[in-house]
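Q: Contents of upload-v9.tsv (TSV, C-alpha atoms and all ligand atoms):
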chain	number	residue	atom	x	y	z
A	141	MET	CA	77.79	-32.55	71.49
A	142	ASN	CA	74.83	-32.42	69.13
A	143	PRO	CA	73.83	-35.85	67.88
A	144	LEU	CA	73.86	-36.11	64.11
A	145	ALA	CA	70.43	-35.60	62.58
A	146	PRO	CA	69.31	-38.83	60.93
A	147	ASP	CA	67.89	-37.02	57.90
A	148	ILE	CA	71.31	-35.78	56.76
A	149	LEU	CA	73.42	-38.35	54.93
A	150	PHE	CA	77.16	-37.85	54.55
A	151	GLU	CA	79.15	-39.41	51.73
A	152	LYS	CA	82.90	-39.34	51.08
A	153	ILE	CA	83.43	-38.43	47.43
A	154	ASP	CA	86.38	-38.62	45.02
A	155	ALA	CA	85.14	-36.55	42.08
A	156	ILE	CA	84.02	-32.94	42.64
A	157	GLU	CA	80.95	-32.05	40.56
A	158	ALA	CA	80.11	-28.44	39.66
A	159	ALA	CA	77.38	-28.17	42.33
A	160	VAL	CA	79.87	-29.26	45.03
A	161	TYR	CA	82.47	-26.82	43.70
A	162	ASP	CA	79.93	-23.99	43.92
A	163	LEU	CA	79.52	-24.80	47.63
A	164	LEU	CA	83.29	-24.81	48.16
A	165	LEU	CA	83.44	-21.31	46.63
A	166	LEU	CA	80.94	-20.03	49.22
A	167	ALA	CA	83.51	-20.71	51.94
A	168	ASP	CA	86.64	-19.85	49.98
A	169	PRO	CA	86.67	-17.44	47.03
A	170	SER	CA	90.13	-18.61	45.89
A	171	ARG	CA	90.05	-21.43	43.33
A	172	ASP	CA	93.85	-21.70	43.68
A	173	CYS	CA	93.58	-22.33	47.43
A	174	ILE	CA	90.72	-24.82	46.90
A	175	GLU	CA	92.67	-26.76	44.24
A	176	GLU	CA	95.71	-26.87	46.52
A	177	TYR	CA	93.94	-28.39	49.54
A	178	LEU	CA	91.63	-30.67	47.54
A	179	ARG	CA	94.70	-32.62	46.41
A	180	GLN	CA	95.42	-33.68	49.99
A	181	SER	CA	91.98	-33.70	51.61
A	182	GLU	CA	88.94	-35.88	52.16
A	183	VAL	CA	85.70	-34.38	50.84
A	184	TYR	CA	82.25	-35.23	52.21
A	185	THR	CA	78.91	-34.16	50.82
A	186	ALA	CA	75.83	-33.77	53.00
A	187	LYS	CA	72.48	-34.63	51.43
A	188	ARG	CA	68.95	-34.33	52.75
A	189	GLY	CA	66.21	-36.18	50.88
A	190	GLY	CA	68.69	-36.73	48.04
A	191	GLU	CA	69.40	-32.98	47.72
A	192	LEU	CA	72.95	-31.69	48.12
A	193	VAL	CA	72.84	-29.34	51.12
A	194	GLY	CA	76.45	-28.96	52.24
A	195	VAL	CA	80.09	-29.88	51.92
A	196	LEU	CA	82.94	-30.59	54.31
A	197	VAL	CA	86.66	-30.80	53.48
A	198	CYS	CA	89.07	-32.33	56.02
A	199	LEU	CA	92.86	-32.39	55.81
A	200	GLN	CA	95.35	-34.37	57.87
A	201	HIS	CA	97.87	-31.84	59.19
A	202	SER	CA	99.80	-34.28	61.34
A	203	ALA	CA	99.11	-37.53	63.18
A	204	ALA	CA	97.52	-35.45	65.95
A	205	LEU	CA	95.76	-32.66	64.06
A	206	MET	CA	92.94	-32.59	61.52
A	207	GLU	CA	92.03	-29.30	59.85
A	208	ILE	CA	88.61	-28.44	58.48
A	209	LYS	CA	89.60	-26.64	55.29
A	210	ASN	CA	86.14	-25.90	53.97
A	211	ILE	CA	82.62	-26.09	55.38
A	212	ALA	CA	79.63	-24.73	53.50
A	213	VAL	CA	75.85	-24.95	53.38
A	214	LYS	CA	73.74	-24.15	50.32
A	215	GLU	CA	72.82	-20.46	50.58
A	216	ASP	CA	69.03	-20.85	50.71
A	217	LEU	CA	69.31	-23.54	53.42
A	218	GLN	CA	71.60	-21.68	55.81
A	219	GLY	CA	70.34	-21.00	59.31
A	220	GLN	CA	68.53	-24.35	59.65
A	221	GLY	CA	71.16	-26.15	61.71
A	222	ILE	CA	72.94	-27.87	58.81
A	223	GLY	CA	76.26	-26.09	59.47
A	224	LYS	CA	76.17	-27.32	63.05
A	225	GLN	CA	75.59	-30.85	61.72
A	226	LEU	CA	78.55	-30.56	59.34
A	227	LEU	CA	80.81	-29.42	62.17
A	228	THR	CA	79.52	-32.19	64.44
A	229	LYS	CA	80.29	-34.69	61.66
A	230	ALA	CA	83.84	-33.30	61.29
A	231	ILE	CA	84.45	-33.67	65.02
A	232	ALA	CA	83.10	-37.26	64.93
A	233	LEU	CA	85.36	-38.11	61.96
A	234	ALA	CA	88.39	-36.70	63.77
A	235	LYS	CA	87.57	-38.74	66.88
A	236	ASP	CA	87.09	-41.92	64.81
A	237	LYS	CA	90.48	-41.37	63.20
A	238	GLN	CA	92.10	-40.92	66.64
A	239	TYR	CA	93.22	-37.32	66.14
A	240	GLU	CA	93.97	-35.38	69.31
A	241	ARG	CA	92.58	-32.08	68.06
A	242	VAL	CA	90.77	-30.47	65.18
A	243	CYS	CA	91.27	-26.93	63.91
A	244	ILE	CA	89.51	-24.50	61.60
A	245	GLY	CA	90.54	-21.11	60.27
A	246	THR	CA	88.26	-18.21	59.49
A	247	ALA	CA	88.45	-14.47	58.95
A	248	ASN	CA	88.25	-11.80	61.64
A	249	SER	CA	85.12	-10.56	59.80
A	250	SER	CA	83.30	-13.94	59.87
A	251	ILE	CA	81.24	-13.16	62.96
A	252	GLY	CA	78.63	-15.93	62.55
A	253	GLN	CA	81.29	-18.55	61.87
A	254	LEU	CA	83.30	-17.48	64.93
A	255	TYR	CA	80.11	-17.79	66.98
A	256	LEU	CA	79.28	-21.25	65.62
A	257	TYR	CA	82.78	-22.69	66.04
A	258	GLN	CA	83.15	-21.44	69.63
A	259	LYS	CA	79.67	-22.69	70.47
A	260	LEU	CA	80.83	-26.19	69.48
A	261	GLY	CA	83.90	-26.00	71.69
A	262	PHE	CA	86.59	-24.53	69.43
A	263	GLU	CA	88.90	-21.97	71.05
A	264	VAL	CA	90.97	-19.25	69.43
A	265	ASN	CA	94.63	-20.22	69.57
A	266	GLU	CA	96.40	-18.38	66.76
A	267	ILE	CA	96.03	-15.33	64.55
A	268	ILE	CA	97.79	-15.14	61.21
A	269	HIS	CA	98.03	-11.42	60.68
A	270	ASN	CA	97.22	-10.04	57.21
A	271	PHE	CA	96.56	-13.52	55.79
A	272	PHE	CA	93.67	-12.33	53.62
A	273	THR	CA	95.21	-9.02	52.54
A	274	ASP	CA	98.46	-10.82	51.61
A	275	ASN	CA	96.95	-13.84	49.84
A	276	TYR	CA	93.74	-12.72	48.14
A	277	PRO	CA	93.81	-10.37	45.12
A	278	GLU	CA	90.57	-8.52	45.96
A	279	PRO	CA	89.57	-7.05	49.34
A	280	ILE	CA	86.93	-9.17	51.11
A	281	PHE	CA	84.26	-7.54	53.30
A	282	GLU	CA	81.74	-9.30	55.55
A	283	ASN	CA	79.39	-7.68	58.05
A	284	GLY	CA	80.88	-4.32	57.01
A	285	ILE	CA	84.32	-5.44	58.28
A	286	GLN	CA	87.35	-6.12	56.07
A	287	ALA	CA	88.70	-9.67	56.24
A	288	LYS	CA	92.35	-9.12	57.08
A	289	HIS	CA	93.48	-11.74	59.56
A	290	MET	CA	93.00	-15.51	59.74
A	291	ILE	CA	91.82	-16.68	63.16
A	292	ILE	CA	92.66	-20.32	63.89
A	293	LEU	CA	90.39	-22.09	66.37
A	294	THR	CA	91.18	-25.50	67.83
A	295	LYS	CA	89.12	-28.09	69.65
A	296	GLU	CA	90.84	-30.64	71.87
A	297	LEU	CA	89.13	-34.01	71.42
A	298	ASP	CA	89.72	-35.44	74.87
A	299	THR	CA	87.31	-32.92	76.44
B	301	LIG	N1	75.57	-14.99	61.58
B	301	LIG	C1	75.08	-15.19	62.83
B	301	LIG	N2	74.88	-16.42	63.37
B	301	LIG	C2	75.19	-17.46	62.60
B	301	LIG	C3	75.69	-17.34	61.28
B	301	LIG	C4	75.88	-16.03	60.77
B	301	LIG	N3	76.37	-15.82	59.55
B	301	LIG	N4	75.92	-18.59	60.77
B	301	LIG	C5	75.54	-19.44	61.74
B	301	LIG	N5	75.12	-18.76	62.84
B	301	LIG	C6	74.65	-19.33	64.11
B	301	LIG	C7	73.17	-19.71	64.03
B	301	LIG	O1	72.35	-18.66	64.45
B	301	LIG	C8	73.11	-20.88	64.99
B	301	LIG	O2	73.04	-20.42	66.32
B	301	LIG	P1	72.19	-21.20	67.45
B	301	LIG	O3	72.80	-22.61	67.53
B	301	LIG	O4	72.41	-20.39	68.68
B	301	LIG	O5	70.81	-21.22	66.94
B	301	LIG	C9	74.48	-21.56	64.81
B	301	LIG	O6	75.35	-20.56	64.32
B	301	LIG	C10	74.42	-22.73	63.86
B	301	LIG	O7	73.82	-22.29	62.68
B	301	LIG	P2	73.52	-23.29	61.48
B	301	LIG	O8	72.12	-23.05	61.00
B	301	LIG	O9	73.90	-24.68	61.83
B	301	LIG	O10	74.55	-22.71	60.41
B	301	LIG	P3	74.43	-22.84	58.83
B	301	LIG	O11	73.69	-24.03	58.40
B	301	LIG	O12	74.00	-21.53	58.28
B	301	LIG	O13	75.97	-23.07	58.46
B	301	LIG	C11	77.92	-21.94	57.71
B	301	LIG	C12	76.97	-22.18	58.89
B	301	LIG	C13	78.57	-23.25	57.29
B	301	LIG	C14	79.00	-20.95	58.16
B	301	LIG	C15	77.05	-21.36	56.54
B	301	LIG	O14	76.46	-20.16	56.94
B	301	LIG	C16	77.81	-21.15	55.27
B	301	LIG	O15	77.92	-22.06	54.43
B	301	LIG	N6	78.35	-19.92	55.05
B	301	LIG	C17	79.07	-19.60	53.82
B	301	LIG	C18	80.37	-20.37	53.74
B	301	LIG	C19	81.28	-20.10	54.93
B	301	LIG	O16	81.46	-18.97	55.36
B	301	LIG	N7	81.92	-21.19	55.45
B	301	LIG	C20	82.88	-21.12	56.54
B	301	LIG	C21	84.17	-20.51	56.06
B	301	LIG	S1	85.59	-20.98	57.05
B	301	LIG	C22	85.98	-22.51	56.45
B	301	LIG	O17	85.39	-23.02	55.55
B	301	LIG	C23	87.16	-23.22	57.06
What is this structure when it is put down as structure tokens?
A:
Amino acid sequence: MNPLAPDILFEKIDAIEAAVYDLLLLADPSRDCIEEYLRQSEVYTAKRGGELVGVLVCLQHSAALMEIKNIAVKEDLQGQGIGKQLLTKAIALAKDKQYERVCIGTANSSIGQLYLYQKLGFEVNEIIHNFFTDNYPEPIFENGIQAKHMIILTKELDT
């Protein structure tokens, strides 16, 4: 597990400012979906030197399972290890809250995200076929691949 970098400060927030909402939209283009899960989730901002650099949204699925609903890093700061820090923070939060496992869903086309999540110990355990084609009005393409299916990855916290 990567220790949390001391220069990134996480804060649980109640009100979502525009700059935070813009980050949420990087991970999820559907405002309807965002509004739906925000009602039931905990939202954390990540700041470095006072600057907002990322956001993390965690939802309690059951007593045993926490889901990361949204994770995003400011576009011009991606690729500097902040996403790994956000994921490490989510895992630490889930452990603190005594969950047994944590899950995250992403598209079949999200190659970098699939790499990052598996690198931190998440394993593919479910595929929701046609999730994106059935639930999003516009086709989504990443890396030249259409986002069709939702891949759910889970990390067991006792390992
Ligand atoms: N392509 C290839 N590799 C990638 C990518 C990518 N798009 N993104 C991250 N990686 C790799 C990095 O190379 C790095 O590898 P290394 O540890 O071997 O050096 C590792 O993953 C960690 O990279 P970070 O720099 O920590 O990642 P970053 O700060 O860019 O954050 C994130 C990753 C959160 C996915 C960011 O790129 C982002 O905000 N993207 C847009 C929003 C998004 O897609 N969010 C996830 C949607 S799913 C959900 O929210 C539930």
Q: With all atoms listed in the file counted, collect every polymer residue having an atom within 10 Å of ligand LIG 301 (chain B); state the result as a ChimeraX atom specification.
A: /A:163-169,193-198,207-228,243-247,250-260,282-283,290-293
Q: Under the rule that only C-alpha atoms are counted, which of A:Ala186, A:Asn248, A:Leu178, A:Leu144 is the nearest residue to Ile156 of chain A?
A: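 Distance minimum relative to Ile156 of chain A lands on A:Leu178.
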Q: Find the distance between atom CA of Lys237 of chain A and atom CA of Glu175 of chain A and write it in Å to one decimal.
A: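 Rounded to one decimal, the two atoms are 24.0 Å apart.
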Q: Which one is closest to Ala155 of chain A: A:Gln238, A:Asn270, A:Gln200, A:Thr185? Count only C-alpha atoms.
A: A:Thr185
Q: Around (68.7, -37.3, 55.0), as given in the file, which residues come within 8 Å? Count all atoms listed in the file and list them as a VMD selection string.
A: chain A and resid 145 to 149 187 to 190
Q: Export C-alpha atoms of the chosen residues as a JSON list (two decimals), in the coordinates of the input?
A:
[["chain", "number", "residue", "atom", "x", "y", "z"],
["A", 145, "ALA", "CA", 70.43, -35.60, 62.58],
["A", 146, "PRO", "CA", 69.31, -38.83, 60.93],
["A", 147, "ASP", "CA", 67.89, -37.02, 57.90],
["A", 148, "ILE", "CA", 71.31, -35.78, 56.76],
["A", 149, "LEU", "CA", 73.42, -38.35, 54.93],
["A", 187, "LYS", "CA", 72.48, -34.63, 51.43],
["A", 188, "ARG", "CA", 68.95, -34.33, 52.75],
["A", 189, "GLY", "CA", 66.21, -36.18, 50.88],
["A", 190, "GLY", "CA", 68.69, -36.73, 48.04]]
Q: Just to confirm, what's the straight-line distance from atom CA of Asn275 of chain A to atom CA of Tyr177 of chain A in Å (one decimal)?
A: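 Calculated distance between atom CA of Asn275 of chain A and atom CA of Tyr177 of chain A is 14.9 Å.
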Q: Mind checking which residues fall within 7 Å of Lys295 of chain A, counting all atoms listed in the file, ignoring those fewer than 2 positions away in the same chain, and posting them as a list in words?
A: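 Selected residues are Arg241, Val242, Cys243, Gly261, Phe262, Glu263, Leu293 and Leu297 of chain A.
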Q: What gap, in Å, lies between atom CA of Gly284 of chain A and atom CA of Ser249 of chain A?
A: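 Pair atom CA of Gly284 of chain A / atom CA of Ser249 of chain A returns 8.0 Å.
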Q: Go through A:Glu191, A:Asp298, A:Glu151, A:Asp172 one by one, measure the shortest atom-to-atom distance of each to Lys235 of chain A using all atoms listed in the file, and give the residue with the smallest value.
A: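 Smallest distance to Lys235 of chain A is found for A:Asp298.
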Q: Counting only C-alpha atoms, which of A:Pro279, A:Glu296, A:Thr273, A:Val183 gets nearest to Tyr239 of chain A?
A: A:Glu296
Q: Taking every listed atom of segment 212-215 of chain A and adding 8 Å to each side, what centre and edge lengths in Å (one decimal) does the axis-aligned box have, as lines of an AutoDock Vina configuration file?
A:
center_x = 76.2
center_y = -22.7
center_z = 51.9
size_x = 22.8
size_y = 20.5
size_z = 19.2
Q: Smallest atom-to-atom distance to Glu176 of chain A: which of A:Lys288, A:Leu199, A:Ile267, A:Ala158, using all atoms listed in the file?
A: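 For Glu176 of chain A, the nearest of the candidates is A:Leu199.
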